[in-house]
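J.: Could you have a look at this structure, given as structure tokens, before my questions?
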Amino acid sequence: MKAGQRGGIQTGKYFGTDGFRGRAGVTIDSRQAFEVGRFLGWYYLSRRGGCRVVIGKDTRLSSYTLEYALAAGITASGGDAYIMHVTTTPSVAFVTRCEGFDCGVMISASHNPYEDNGIKLLNGAGEKLESGVLELIERYLDGEFAVCGRTSLPFACGEKIGRTVDYVAGRNRYTGHLISLSANSYKGLKIGLDCANGAGYKIARNVFEALGATLCMLGDKPDGLNVNEGCGATDTGALCRAVREHGLDVGFAFDGDADRCLCVDERGQVIDGDGILYAAACTLKDRGELLADRVVATVMSNGGLKSCLSERQIQVITCPVGDSRVREKMAECGAVLGGEQSGHIIFGKLENTGDGIVTAIMLAEIMADRGIRASELVRGFTKLPQQLVNVRVRDREKSLSDVRVAAAVRAAKDILGPRGRLIVRASGTESVIRVLAEAQSDEECVQAAAIVARAIENVDGEGICAE
């Protein structure tokens, strides 16, 4: 794939909308991780005279080999690699920003299955590394980047070889930061935490135990192969059952790298990212803390969010899909709150990225401050009927450009009518086409989404899949 645009988001040969991601050992391997580390070490040393890179990883079996390969590459070029071990993406962003690191690296494929993995690079501000630097890394990986006429970078030697530092202290500092966000004790509150057998399983437990909650833990026994498997934000069924069966007050489900959070109320009903945005926006407005009375959501958010918040005199500004796009739009329009239906929520005064555990704390704080049940978080929020279908394909561009798919899209729009909405987009992190239909009735949504999904399957599909 050549560098270009997909869905309004810059993509490249290796680095897409959320880092370098693919099948571990096939699309992304330890050799490439080593070379990425080599480039990072050389790049920051050549420009700043020093290089400190902090590395975190999730629980996938392949994360360990990628972690050590990256650290080897960084130190071989003369940089220092600080290893946080199993930790969350938001924690790497936090530590990178607060501890003055040149760069942060998170090894994770987020909500993807364990077979996949990825390398996400962050700049010193804890935000996505600049596209210009990513392009240089891609050129280096392809042997097209030369230093003094040589495509191979110099190795450090002697006392200039870099060091590897065990940096659990960074993870501990982040845990302390999370605990400090709560102004309430959660003693007497029964909370379910589904950690997706992923990166947040230790941190989330430690934080909510320190705040006094009685916990019911799910997805907290990672074995390297079970991340996101029947658990977490991509499959909330087990958490919904646990909340009902154990009489819990609320449940929170994270994804593999814990930058997403979905909520389950005391009845076992899921509150998705749109519901969370609604609850947070209303609360911040009541406190006088919702700057300019506006929030940012993506085009995938339910149309009911905009109409219901409008009734509260809160404006919803939309942007393309992706938490980095949400953050960019927030900065552009001065919003302090934004997010995605999938559970990426950004509380701009606290973090510069989506953080699932922060989101869970903020919801628990609203419940404690207002003395309400979880179901009351979304009182006044009415969704429009929606149907989301994900179709796994071999070639996303081929599927989207096929005339049969275009014809199906036209037919679907006819079904939905002028008040309906249809979005067909390629995932930025998986070989998946997402079909979202929104209308005045469930029947219209189901019928319209099915027509497009079937057309995509017939052209290049490998079957309907979960998120």
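Convention: chains lettered A, B, ... in structure tokens order; per-chain residue numbering from 1; ligands numbered from 1 as shown.
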As an mmCIF file with N, CA and C atoms, in the first residue's frame, which residues of region 199-371 of chain A does DSSP assign to helix (DSSP H, G or I)?
T.:
data_model
loop_
_atom_site.group_PDB
_atom_site.id
_atom_site.type_symbol
_atom_site.label_atom_id
_atom_site.label_comp_id
_atom_site.auth_asym_id
_atom_site.auth_seq_id
_atom_site.Cartn_x
_atom_site.Cartn_y
_atom_site.Cartn_z
ATOM 1 N N TYR A 201 -5.014 -4.952 33.450
ATOM 2 C CA TYR A 201 -5.579 -5.829 34.475
ATOM 3 C C TYR A 201 -5.004 -5.588 35.874
ATOM 4 N N LYS A 202 -3.746 -5.207 35.973
ATOM 5 C CA LYS A 202 -3.170 -4.914 37.294
ATOM 6 C C LYS A 202 -3.481 -3.495 37.741
ATOM 7 N N ILE A 203 -3.313 -2.543 36.843
ATOM 8 C CA ILE A 203 -3.499 -1.144 37.195
ATOM 9 C C ILE A 203 -4.929 -0.871 37.626
ATOM 10 N N ALA A 204 -5.904 -1.371 36.865
ATOM 11 C CA ALA A 204 -7.305 -1.113 37.191
ATOM 12 C C ALA A 204 -7.657 -1.678 38.562
ATOM 13 N N ARG A 205 -7.221 -2.904 38.819
ATOM 14 C CA ARG A 205 -7.496 -3.495 40.131
ATOM 15 C C ARG A 205 -6.881 -2.648 41.244
ATOM 16 N N ASN A 206 -5.617 -2.281 41.098
ATOM 17 C CA ASN A 206 -4.929 -1.523 42.144
ATOM 18 C C ASN A 206 -5.601 -0.180 42.410
ATOM 19 N N VAL A 207 -6.032 0.487 41.351
ATOM 20 C CA VAL A 207 -6.652 1.802 41.499
ATOM 21 C C VAL A 207 -7.972 1.700 42.249
ATOM 22 N N PHE A 208 -8.854 0.814 41.822
ATOM 23 C CA PHE A 208 -10.179 0.752 42.430
ATOM 24 C C PHE A 208 -10.145 0.102 43.813
ATOM 25 N N GLU A 209 -9.194 -0.778 44.056
ATOM 26 C CA GLU A 209 -9.026 -1.290 45.414
ATOM 27 C C GLU A 209 -8.561 -0.178 46.345
ATOM 28 N N ALA A 210 -7.620 0.643 45.873
ATOM 29 C CA ALA A 210 -7.129 1.750 46.689
ATOM 30 C C ALA A 210 -8.229 2.756 47.006
ATOM 31 N N GLY A 232 -14.049 -8.038 27.729
ATOM 32 C CA GLY A 232 -13.623 -6.671 27.489
ATOM 33 C C GLY A 232 -14.625 -5.850 26.700
ATOM 34 N N ALA A 233 -14.152 -4.697 26.216
ATOM 35 C CA ALA A 233 -15.030 -3.743 25.545
ATOM 36 C C ALA A 233 -15.579 -4.254 24.224
ATOM 37 N N THR A 234 -14.936 -5.255 23.641
ATOM 38 C CA THR A 234 -15.436 -5.797 22.377
ATOM 39 C C THR A 234 -16.450 -6.925 22.573
ATOM 40 N N GLY A 237 -20.718 -9.288 27.071
ATOM 41 C CA GLY A 237 -21.715 -10.238 27.559
ATOM 42 C C GLY A 237 -21.422 -10.766 28.950
ATOM 43 N N ALA A 238 -20.182 -11.177 29.200
ATOM 44 C CA ALA A 238 -19.825 -11.738 30.503
ATOM 45 C C ALA A 238 -19.971 -10.704 31.613
ATOM 46 N N LEU A 239 -19.598 -9.467 31.340
ATOM 47 C CA LEU A 239 -19.723 -8.418 32.353
ATOM 48 C C LEU A 239 -21.190 -8.110 32.631
ATOM 49 N N CYS A 240 -22.009 -8.076 31.616
ATOM 50 C CA CYS A 240 -23.443 -7.837 31.821
ATOM 51 C C CYS A 240 -24.050 -8.909 32.720
ATOM 52 N N ARG A 241 -23.666 -10.162 32.464
ATOM 53 C CA ARG A 241 -24.177 -11.263 33.297
ATOM 54 C C ARG A 241 -23.669 -11.143 34.724
ATOM 55 N N ALA A 242 -22.407 -10.800 34.881
ATOM 56 C CA ALA A 242 -21.823 -10.689 36.227
ATOM 57 C C ALA A 242 -22.496 -9.575 37.032
ATOM 58 N N VAL A 243 -22.782 -8.459 36.384
ATOM 59 C CA VAL A 243 -23.449 -7.359 37.090
ATOM 60 C C VAL A 243 -24.812 -7.802 37.606
ATOM 61 N N ARG A 244 -25.563 -8.508 36.764
ATOM 62 C CA ARG A 244 -26.899 -8.956 37.175
ATOM 63 C C ARG A 244 -26.815 -10.037 38.251
ATOM 64 N N GLU A 245 -25.943 -11.013 38.042
ATOM 65 C CA GLU A 245 -25.888 -12.162 38.955
ATOM 66 C C GLU A 245 -25.322 -11.797 40.320
ATOM 67 N N HIS A 246 -24.410 -10.857 40.386
ATOM 68 C CA HIS A 246 -23.766 -10.497 41.659
ATOM 69 C C HIS A 246 -24.308 -9.205 42.251
ATOM 70 N N GLY A 273 -19.949 4.550 24.288
ATOM 71 C CA GLY A 273 -19.228 5.814 24.322
ATOM 72 C C GLY A 273 -20.121 7.019 24.145
ATOM 73 N N ASP A 274 -21.194 6.895 23.347
ATOM 74 C CA ASP A 274 -22.119 8.005 23.184
ATOM 75 C C ASP A 274 -22.832 8.313 24.502
ATOM 76 N N GLY A 275 -23.263 7.276 25.205
ATOM 77 C CA GLY A 275 -23.901 7.483 26.501
ATOM 78 C C GLY A 275 -22.956 8.096 27.508
ATOM 79 N N ILE A 276 -21.697 7.657 27.472
ATOM 80 C CA ILE A 276 -20.698 8.213 28.383
ATOM 81 C C ILE A 276 -20.450 9.683 28.070
ATOM 82 N N LEU A 277 -20.346 10.019 26.781
ATOM 83 C CA LEU A 277 -20.180 11.424 26.389
ATOM 84 C C LEU A 277 -21.358 12.264 26.876
ATOM 85 N N TYR A 278 -22.562 11.720 26.741
ATOM 86 C CA TYR A 278 -23.753 12.440 27.192
ATOM 87 C C TYR A 278 -23.674 12.717 28.691
ATOM 88 N N ALA A 279 -23.380 11.690 29.466
ATOM 89 C CA ALA A 279 -23.323 11.849 30.923
ATOM 90 C C ALA A 279 -22.243 12.842 31.336
ATOM 91 N N ALA A 280 -21.073 12.732 30.717
ATOM 92 C CA ALA A 280 -19.963 13.622 31.075
ATOM 93 C C ALA A 280 -20.250 15.051 30.650
ATOM 94 N N ALA A 281 -20.814 15.232 29.453
ATOM 95 C CA ALA A 281 -21.109 16.580 28.962
ATOM 96 C C ALA A 281 -22.123 17.285 29.850
ATOM 97 N N CYS A 282 -23.195 16.583 30.221
ATOM 98 C CA CYS A 282 -24.218 17.185 31.077
ATOM 99 C C CYS A 282 -23.649 17.561 32.436
ATOM 100 N N THR A 283 -22.818 16.675 32.993
ATOM 101 C CA THR A 283 -22.230 16.937 34.301
ATOM 102 C C THR A 283 -21.272 18.126 34.254
ATOM 103 N N LEU A 284 -20.403 18.155 33.247
ATOM 104 C CA LEU A 284 -19.453 19.269 33.134
ATOM 105 C C LEU A 284 -20.180 20.591 32.902
ATOM 106 N N LYS A 285 -21.257 20.574 32.128
ATOM 107 C CA LYS A 285 -22.026 21.813 31.915
ATOM 108 C C LYS A 285 -22.646 22.293 33.225
ATOM 109 N N ASP A 286 -23.221 21.363 33.991
ATOM 110 C CA ASP A 286 -23.832 21.730 35.269
ATOM 111 C C ASP A 286 -22.796 22.336 36.212
ATOM 112 N N LEU A 291 -16.216 23.921 28.509
ATOM 113 C CA LEU A 291 -15.776 25.103 27.781
ATOM 114 C C LEU A 291 -16.571 25.275 26.493
ATOM 115 N N ALA A 292 -17.135 26.460 26.307
ATOM 116 C CA ALA A 292 -17.912 26.824 25.127
ATOM 117 C C ALA A 292 -19.136 25.930 24.922
ATOM 118 N N ASP A 293 -19.485 25.139 25.927
ATOM 119 C CA ASP A 293 -20.656 24.252 25.842
ATOM 120 C C ASP A 293 -20.646 23.410 24.573
ATOM 121 N N GLY A 303 -27.079 9.650 16.108
ATOM 122 C CA GLY A 303 -27.697 10.948 15.887
ATOM 123 C C GLY A 303 -28.452 11.456 17.093
ATOM 124 N N GLY A 304 -28.885 10.550 17.973
ATOM 125 C CA GLY A 304 -29.583 10.965 19.178
ATOM 126 C C GLY A 304 -28.710 11.760 20.128
ATOM 127 N N LEU A 305 -27.396 11.556 20.051
ATOM 128 C CA LEU A 305 -26.492 12.301 20.926
ATOM 129 C C LEU A 305 -26.579 13.788 20.633
ATOM 130 N N LYS A 306 -26.534 14.124 19.349
ATOM 131 C CA LYS A 306 -26.571 15.541 18.967
ATOM 132 C C LYS A 306 -27.895 16.188 19.367
ATOM 133 N N SER A 307 -28.999 15.491 19.103
ATOM 134 C CA SER A 307 -30.306 16.090 19.394
ATOM 135 C C SER A 307 -30.545 16.217 20.897
ATOM 136 N N CYS A 308 -30.154 15.204 21.662
ATOM 137 C CA CYS A 308 -30.395 15.251 23.112
ATOM 138 C C CYS A 308 -29.503 16.270 23.802
ATOM 139 N N LEU A 309 -28.256 16.398 23.360
ATOM 140 C CA LEU A 309 -27.383 17.412 23.948
ATOM 141 C C LEU A 309 -27.807 18.810 23.517
ATOM 142 N N SER A 310 -28.366 18.928 22.310
ATOM 143 C CA SER A 310 -28.863 20.223 21.857
ATOM 144 C C SER A 310 -29.951 20.744 22.786
ATOM 145 N N ASP A 323 -9.341 8.366 17.563
ATOM 146 C CA ASP A 323 -9.161 9.213 18.737
ATOM 147 C C ASP A 323 -8.183 10.358 18.483
ATOM 148 N N SER A 324 -7.219 10.155 17.564
ATOM 149 C CA SER A 324 -6.306 11.247 17.242
ATOM 150 C C SER A 324 -7.047 12.361 16.513
ATOM 151 N N ARG A 325 -8.039 11.994 15.684
ATOM 152 C CA ARG A 325 -8.858 12.985 15.008
ATOM 153 C C ARG A 325 -9.736 13.744 16.006
ATOM 154 N N VAL A 326 -10.239 13.030 17.002
ATOM 155 C CA VAL A 326 -11.038 13.670 18.048
ATOM 156 C C VAL A 326 -10.192 14.703 18.785
ATOM 157 N N ARG A 327 -8.978 14.300 19.141
ATOM 158 C CA ARG A 327 -8.094 15.207 19.862
ATOM 159 C C ARG A 327 -7.763 16.442 19.020
ATOM 160 N N GLU A 328 -7.503 16.246 17.743
ATOM 161 C CA GLU A 328 -7.204 17.373 16.855
ATOM 162 C C GLU A 328 -8.379 18.347 16.795
ATOM 163 N N LYS A 329 -9.584 17.815 16.658
ATOM 164 C CA LYS A 329 -10.772 18.673 16.577
ATOM 165 C C LYS A 329 -11.020 19.387 17.909
ATOM 166 N N MET A 330 -10.763 18.705 19.016
ATOM 167 C CA MET A 330 -10.910 19.347 20.322
ATOM 168 C C MET A 330 -9.981 20.549 20.441
ATOM 169 N N ALA A 331 -8.737 20.362 20.016
ATOM 170 C CA ALA A 331 -7.781 21.469 20.072
ATOM 171 C C ALA A 331 -8.203 22.608 19.149
ATOM 172 N N GLU A 332 -8.752 22.238 18.016
ATOM 173 C CA GLU A 332 -9.157 23.233 17.014
ATOM 174 C C GLU A 332 -10.319 24.089 17.488
ATOM 175 N N CYS A 333 -11.293 23.459 18.147
ATOM 176 C CA CYS A 333 -12.497 24.199 18.538
ATOM 177 C C CYS A 333 -12.538 24.545 20.019
ATOM 178 N N GLY A 356 -9.227 4.478 29.276
ATOM 179 C CA GLY A 356 -10.355 3.729 29.789
ATOM 180 C C GLY A 356 -10.510 3.803 31.292
ATOM 181 N N ILE A 357 -9.398 3.760 32.014
ATOM 182 C CA ILE A 357 -9.494 3.774 33.481
ATOM 183 C C ILE A 357 -9.890 5.161 33.976
ATOM 184 N N VAL A 358 -9.380 6.214 33.337
ATOM 185 C CA VAL A 358 -9.818 7.573 33.673
ATOM 186 C C VAL A 358 -11.319 7.706 33.446
ATOM 187 N N THR A 359 -11.813 7.174 32.331
ATOM 188 C CA THR A 359 -13.235 7.235 32.031
ATOM 189 C C THR A 359 -14.050 6.542 33.121
ATOM 190 N N ALA A 360 -13.592 5.367 33.549
ATOM 191 C CA ALA A 360 -14.298 4.646 34.610
ATOM 192 C C ALA A 360 -14.325 5.458 35.904
ATOM 193 N N ILE A 361 -13.213 6.085 36.241
ATOM 194 C CA ILE A 361 -13.156 6.901 37.459
ATOM 195 C C ILE A 361 -14.114 8.086 37.350
ATOM 196 N N MET A 362 -14.133 8.742 36.198
ATOM 197 C CA MET A 362 -15.010 9.903 36.022
ATOM 198 C C MET A 362 -16.476 9.517 36.160
ATOM 199 N N LEU A 363 -16.863 8.358 35.628
ATOM 200 C CA LEU A 363 -18.248 7.912 35.771
ATOM 201 C C LEU A 363 -18.571 7.568 37.221
ATOM 202 N N ALA A 364 -17.647 6.903 37.894
ATOM 203 C CA ALA A 364 -17.858 6.592 39.308
ATOM 204 C C ALA A 364 -17.960 7.877 40.128
ATOM 205 N N GLU A 365 -17.194 8.893 39.752
ATOM 206 C CA GLU A 365 -17.259 10.180 40.444
ATOM 207 C C GLU A 365 -18.623 10.843 40.255
ATOM 208 N N ILE A 366 -19.146 10.779 39.042
ATOM 209 C CA ILE A 366 -20.470 11.359 38.798
ATOM 210 C C ILE A 366 -21.516 10.655 39.652
ATOM 211 N N MET A 367 -21.442 9.320 39.696
ATOM 212 C CA MET A 367 -22.390 8.563 40.510
ATOM 213 C C MET A 367 -22.289 8.946 41.978
ATOM 214 N N ALA A 368 -21.055 9.068 42.467
ATOM 215 C CA ALA A 368 -20.855 9.389 43.885
ATOM 216 C C ALA A 368 -21.272 10.823 44.194
ATOM 217 N N ASP A 369 -20.898 11.763 43.348
ATOM 218 C CA ASP A 369 -21.214 13.173 43.593
ATOM 219 C C ASP A 369 -22.712 13.434 43.574
ATOM 220 N N ARG A 370 -23.399 12.793 42.623
ATOM 221 C CA ARG A 370 -24.826 13.065 42.446
ATOM 222 C C ARG A 370 -25.712 12.063 43.178
#
J.: Region 74-195 of chain A: which residues are strand (DSSP E) by DSSP, as a ChimeraX atom specification?
T.: /A:80-86,103-107,116-122,164-166,190-194
J.: Kindly provide the residues of region 172-246 of chain A that approach region 92-103 of chain A to within 12 Å, each paired with its closest atom pair and their distance in Å to one decimal, based on only C-alpha atoms, listed by chain and increasing number, as CSV.
T.:
residue,atom,partner,partner_atom,distance
A:Asn172,CA,A:Val95,CA,10.1
A:Arg173,CA,A:Val95,CA,8.1
A:Tyr174,CA,A:Phe94,CA,7.0
A:Thr175,CA,A:Phe94,CA,10.5
A:Gly176,CA,A:Phe94,CA,11.8
A:His177,CA,A:Phe94,CA,9.4
A:Leu178,CA,A:Phe94,CA,10.7
A:Ala199,CA,A:Val92,CA,11.4
J.: What's around region 160-162 of chain A at 7 Å? Count only C-alpha atoms, leave out sequence neighbours fewer than 2 positions away in its own chain, and write the answer as a short mmCIF file (atom, residue, chain, number, x, y, z; two decimals) with N, CA and C atoms, in the first residue's frame.
T.:
data_model
loop_
_atom_site.label_atom_id
_atom_site.label_comp_id
_atom_site.auth_asym_id
_atom_site.auth_seq_id
_atom_site.Cartn_x
_atom_site.Cartn_y
_atom_site.Cartn_z
N THR A 75 19.18 0.74 21.99
CA THR A 75 20.48 0.75 22.67
C THR A 75 21.64 0.53 21.70
N ALA A 76 21.39 -0.23 20.63
CA ALA A 76 22.44 -0.45 19.63
C ALA A 76 22.81 0.85 18.91
N SER A 77 21.86 1.77 18.84
CA SER A 77 22.14 3.08 18.24
C SER A 77 22.66 4.09 19.25
N GLY A 78 22.67 3.72 20.52
CA GLY A 78 23.20 4.60 21.55
C GLY A 78 22.16 5.26 22.42
N GLY A 79 20.87 4.93 22.22
CA GLY A 79 19.82 5.49 23.06
C GLY A 79 19.56 4.63 24.28
N ASP A 80 18.82 5.18 25.22
CA ASP A 80 18.44 4.46 26.43
C ASP A 80 16.98 4.04 26.35
N ALA A 156 26.44 2.14 17.82
CA ALA A 156 27.20 2.71 18.93
C ALA A 156 28.23 1.69 19.40
N CYS A 157 29.31 2.15 19.96
CA CYS A 157 30.32 1.23 20.49
C CYS A 157 30.91 1.80 21.78
N GLY A 158 31.55 0.93 22.54
CA GLY A 158 32.18 1.35 23.78
C GLY A 158 31.19 1.95 24.75
N THR A 164 19.54 -0.29 29.01
CA THR A 164 18.16 -0.70 29.22
C THR A 164 17.84 -0.54 30.70
#
J.: Looking at A:Glu144, A:Gly56, A:Phe15, A:Val86, which one is nearest to Lys128 (chain A), with distances taken over only C-alpha atoms?
T.: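 The answer is A:Phe15, which sits nearest to Lys128 (chain A).
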J.: Figure out the distance between CA of Met106 (chain A) and CA of Thr151 (chain A), please, to one decimal in Å.
T.: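 Straight-line distance from CA of Thr151 (chain A) to CA of Met106 (chain A) works out to 26.3 Å.
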J.: Find the residues around Thr429 (chain A) up to 12 Å (only C-alpha atoms counted), leave out those fewer than 2 positions away in its own chain, and share them as a PDB file with N, CA and C atoms, in the first residue's frame.
T.:
ATOM      1  N   ARG A   6      -6.842   7.592   3.436  1.00  0.00           N
ATOM      2  CA  ARG A   6      -7.995   6.695   3.517  1.00  0.00           C
ATOM      3  C   ARG A   6      -8.922   7.258   4.575  1.00  0.00           C
ATOM      4  N   ILE A   9      -7.728  10.168   6.781  1.00  0.00           N
ATOM      5  CA  ILE A   9      -6.635   9.998   7.731  1.00  0.00           C
ATOM      6  C   ILE A   9      -5.398   9.539   6.986  1.00  0.00           C
ATOM      7  N   THR A  11      -2.297   7.623   5.883  1.00  0.00           N
ATOM      8  CA  THR A  11      -1.814   6.264   6.082  1.00  0.00           C
ATOM      9  C   THR A  11      -0.550   6.071   5.279  1.00  0.00           C
ATOM     10  N   TYR A  14       3.577   1.192   6.266  1.00  0.00           N
ATOM     11  CA  TYR A  14       3.621   0.452   7.530  1.00  0.00           C
ATOM     12  C   TYR A  14       2.741   1.096   8.598  1.00  0.00           C
ATOM     13  N   PHE A  15       2.867   2.402   8.770  1.00  0.00           N
ATOM     14  CA  PHE A  15       2.159   3.092   9.841  1.00  0.00           C
ATOM     15  C   PHE A  15       0.821   3.616   9.343  1.00  0.00           C
ATOM     16  N   GLY A  16      -0.257   3.077   9.923  1.00  0.00           N
ATOM     17  CA  GLY A  16      -1.598   3.482   9.552  1.00  0.00           C
ATOM     18  C   GLY A  16      -2.180   4.456  10.550  1.00  0.00           C
ATOM     19  N   THR A  17      -3.494   4.391  10.752  1.00  0.00           N
ATOM     20  CA  THR A  17      -4.163   5.353  11.616  1.00  0.00           C
ATOM     21  C   THR A  17      -3.821   5.181  13.093  1.00  0.00           C
ATOM     22  N   ASP A  18      -3.337   4.020  13.475  1.00  0.00           N
ATOM     23  CA  ASP A  18      -3.021   3.793  14.886  1.00  0.00           C
ATOM     24  C   ASP A  18      -1.734   2.997  15.027  1.00  0.00           C
ATOM     25  N   GLY A  19      -0.695   3.414  14.298  1.00  0.00           N
ATOM     26  CA  GLY A  19       0.601   2.772  14.418  1.00  0.00           C
ATOM     27  C   GLY A  19       0.833   1.704  13.360  1.00  0.00           C
ATOM     28  N   PHE A  20       1.898   0.967  13.557  1.00  0.00           N
ATOM     29  CA  PHE A  20       2.312  -0.124  12.679  1.00  0.00           C
ATOM     30  C   PHE A  20       1.649  -1.383  13.218  1.00  0.00           C
ATOM     31  N   ARG A  21       0.620  -1.872  12.528  1.00  0.00           N
ATOM     32  CA  ARG A  21      -0.163  -2.975  13.075  1.00  0.00           C
ATOM     33  C   ARG A  21      -0.384  -4.065  12.036  1.00  0.00           C
ATOM     34  N   GLY A  22      -0.377  -5.323  12.474  1.00  0.00           N
ATOM     35  CA  GLY A  22      -0.658  -6.441  11.589  1.00  0.00           C
ATOM     36  C   GLY A  22      -0.449  -7.762  12.286  1.00  0.00           C
ATOM     37  N   ARG A  23      -0.453  -8.839  11.526  1.00  0.00           N
ATOM     38  CA  ARG A  23      -0.278 -10.180  12.077  1.00  0.00           C
ATOM     39  C   ARG A  23       1.161 -10.348  12.550  1.00  0.00           C
ATOM     40  N   SER A 108       1.126  -2.955  21.114  1.00  0.00           N
ATOM     41  CA  SER A 108      -0.230  -3.459  21.313  1.00  0.00           C
ATOM     42  C   SER A 108      -0.990  -3.398  20.002  1.00  0.00           C
ATOM     43  N   ALA A 109      -1.966  -4.291  19.854  1.00  0.00           N
ATOM     44  CA  ALA A 109      -2.920  -4.192  18.752  1.00  0.00           C
ATOM     45  C   ALA A 109      -4.297  -3.876  19.296  1.00  0.00           C
ATOM     46  N   SER A 110      -4.336  -3.277  20.497  1.00  0.00           N
ATOM     47  CA  SER A 110      -5.569  -2.752  21.075  1.00  0.00           C
ATOM     48  C   SER A 110      -6.668  -3.800  21.150  1.00  0.00           C
ATOM     49  N   HIS A 111      -7.749  -3.611  20.396  1.00  0.00           N
ATOM     50  CA  HIS A 111      -8.915  -4.495  20.461  1.00  0.00           C
ATOM     51  C   HIS A 111      -8.819  -5.667  19.502  1.00  0.00           C
ATOM     52  N   ASN A 112      -7.741  -5.754  18.712  1.00  0.00           N
ATOM     53  CA  ASN A 112      -7.583  -6.863  17.766  1.00  0.00           C
ATOM     54  C   ASN A 112      -7.327  -8.181  18.500  1.00  0.00           C
ATOM     55  N   PRO A 113      -7.501  -9.325  17.829  1.00  0.00           N
ATOM     56  CA  PRO A 113      -7.200 -10.627  18.446  1.00  0.00           C
ATOM     57  C   PRO A 113      -5.718 -10.792  18.726  1.00  0.00           C
ATOM     58  N   ASP A 116      -2.596 -10.599  16.263  1.00  0.00           N
ATOM     59  CA  ASP A 116      -2.108  -9.316  15.766  1.00  0.00           C
ATOM     60  C   ASP A 116      -1.271  -8.616  16.828  1.00  0.00           C
ATOM     61  N   ASN A 117      -0.451  -7.688  16.369  1.00  0.00           N
ATOM     62  CA  ASN A 117       0.244  -6.804  17.294  1.00  0.00           C
ATOM     63  C   ASN A 117       0.584  -5.510  16.573  1.00  0.00           C
ATOM     64  N   GLY A 118       1.120  -4.559  17.307  1.00  0.00           N
ATOM     65  CA  GLY A 118       1.406  -3.273  16.698  1.00  0.00           C
ATOM     66  C   GLY A 118       2.440  -2.485  17.476  1.00  0.00           C
ATOM     67  N   ILE A 119       2.979  -1.472  16.823  1.00  0.00           N
ATOM     68  CA  ILE A 119       3.930  -0.549  17.436  1.00  0.00           C
ATOM     69  C   ILE A 119       3.379   0.853  17.244  1.00  0.00           C
ATOM     70  N   LYS A 120       3.034   1.495  18.340  1.00  0.00           N
ATOM     71  CA  LYS A 120       2.504   2.850  18.304  1.00  0.00           C
ATOM     72  C   LYS A 120       3.562   3.793  18.874  1.00  0.00           C
ATOM     73  N   VAL A 321     -13.484   9.396  12.095  1.00  0.00           N
ATOM     74  CA  VAL A 321     -13.227   8.373  13.114  1.00  0.00           C
ATOM     75  C   VAL A 321     -11.746   8.362  13.498  1.00  0.00           C
ATOM     76  N   GLY A 322     -11.486   8.089  14.773  1.00  0.00           N
ATOM     77  CA  GLY A 322     -10.119   7.988  15.277  1.00  0.00           C
ATOM     78  C   GLY A 322      -9.910   8.908  16.461  1.00  0.00           C
ATOM     79  N   ARG A 392     -15.242  -8.673   7.269  1.00  0.00           N
ATOM     80  CA  ARG A 392     -13.808  -8.893   7.060  1.00  0.00           C
ATOM     81  C   ARG A 392     -13.554  -9.143   5.580  1.00  0.00           C
ATOM     82  N   ARG A 396      -9.443  -3.866   1.290  1.00  0.00           N
ATOM     83  CA  ARG A 396     -10.425  -2.840   1.638  1.00  0.00           C
ATOM     84  C   ARG A 396     -10.706  -1.897   0.471  1.00  0.00           C
ATOM     85  N   ARG A 425     -17.193   2.528   5.679  1.00  0.00           N
ATOM     86  CA  ARG A 425     -15.805   2.978   5.806  1.00  0.00           C
ATOM     87  C   ARG A 425     -14.882   1.813   6.101  1.00  0.00           C
ATOM     88  N   ALA A 426     -13.643   1.968   5.677  1.00  0.00           N
ATOM     89  CA  ALA A 426     -12.624   0.967   5.971  1.00  0.00           C
ATOM     90  C   ALA A 426     -12.056   1.218   7.366  1.00  0.00           C
ATOM     91  N   SER A 427     -11.887   0.148   8.124  1.00  0.00           N
ATOM     92  CA  SER A 427     -11.216   0.263   9.408  1.00  0.00           C
ATOM     93  C   SER A 427      -9.769   0.680   9.181  1.00  0.00           C
ATOM     94  N   SER A 431      -8.439  -5.433   8.530  1.00  0.00           N
ATOM     95  CA  SER A 431      -8.947  -5.635   7.170  1.00  0.00           C
ATOM     96  C   SER A 431     -10.458  -5.833   7.232  1.00  0.00           C
ATOM     97  N   VAL A 432     -11.134  -4.768   7.591  1.00  0.00           N
ATOM     98  CA  VAL A 432     -12.568  -4.800   7.852  1.00  0.00           C
ATOM     99  C   VAL A 432     -13.217  -3.578   7.220  1.00  0.00           C
ATOM    100  N   ILE A 433     -14.403  -3.768   6.653  1.00  0.00           N
ATOM    101  CA  ILE A 433     -15.258  -2.670   6.219  1.00  0.00           C
ATOM    102  C   ILE A 433     -16.398  -2.556   7.223  1.00  0.00           C
ATOM    103  N   ARG A 434     -16.628  -1.358   7.740  1.00  0.00           N
ATOM    104  CA  ARG A 434     -17.693  -1.136   8.708  1.00  0.00           C
ATOM    105  C   ARG A 434     -18.879  -0.474   7.998  1.00  0.00           C
ATOM    106  N   GLU A 467     -16.706  -6.630  16.365  1.00  0.00           N
ATOM    107  CA  GLU A 467     -15.892  -5.416  16.231  1.00  0.00           C
ATOM    108  C   GLU A 467     -14.412  -5.740  16.272  1.00  0.00           C
TER     109      GLU A 467
END
J.: For the atom pair CA of Phe347 (chain A) and CA of Glu127 (chain A), what is the interatomic distance in Å to one decimal place?
T.: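 Distance reported for this atom pair: 14.5 Å.
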J.: For Asp255 (chain A), which residue out of A:Val227, A:Ala72, A:Ile107, A:Leu377 is the nearest one, using only C-alpha atoms?
T.: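 That would be A:Val227, the residue with the smallest distance to Asp255 (chain A).
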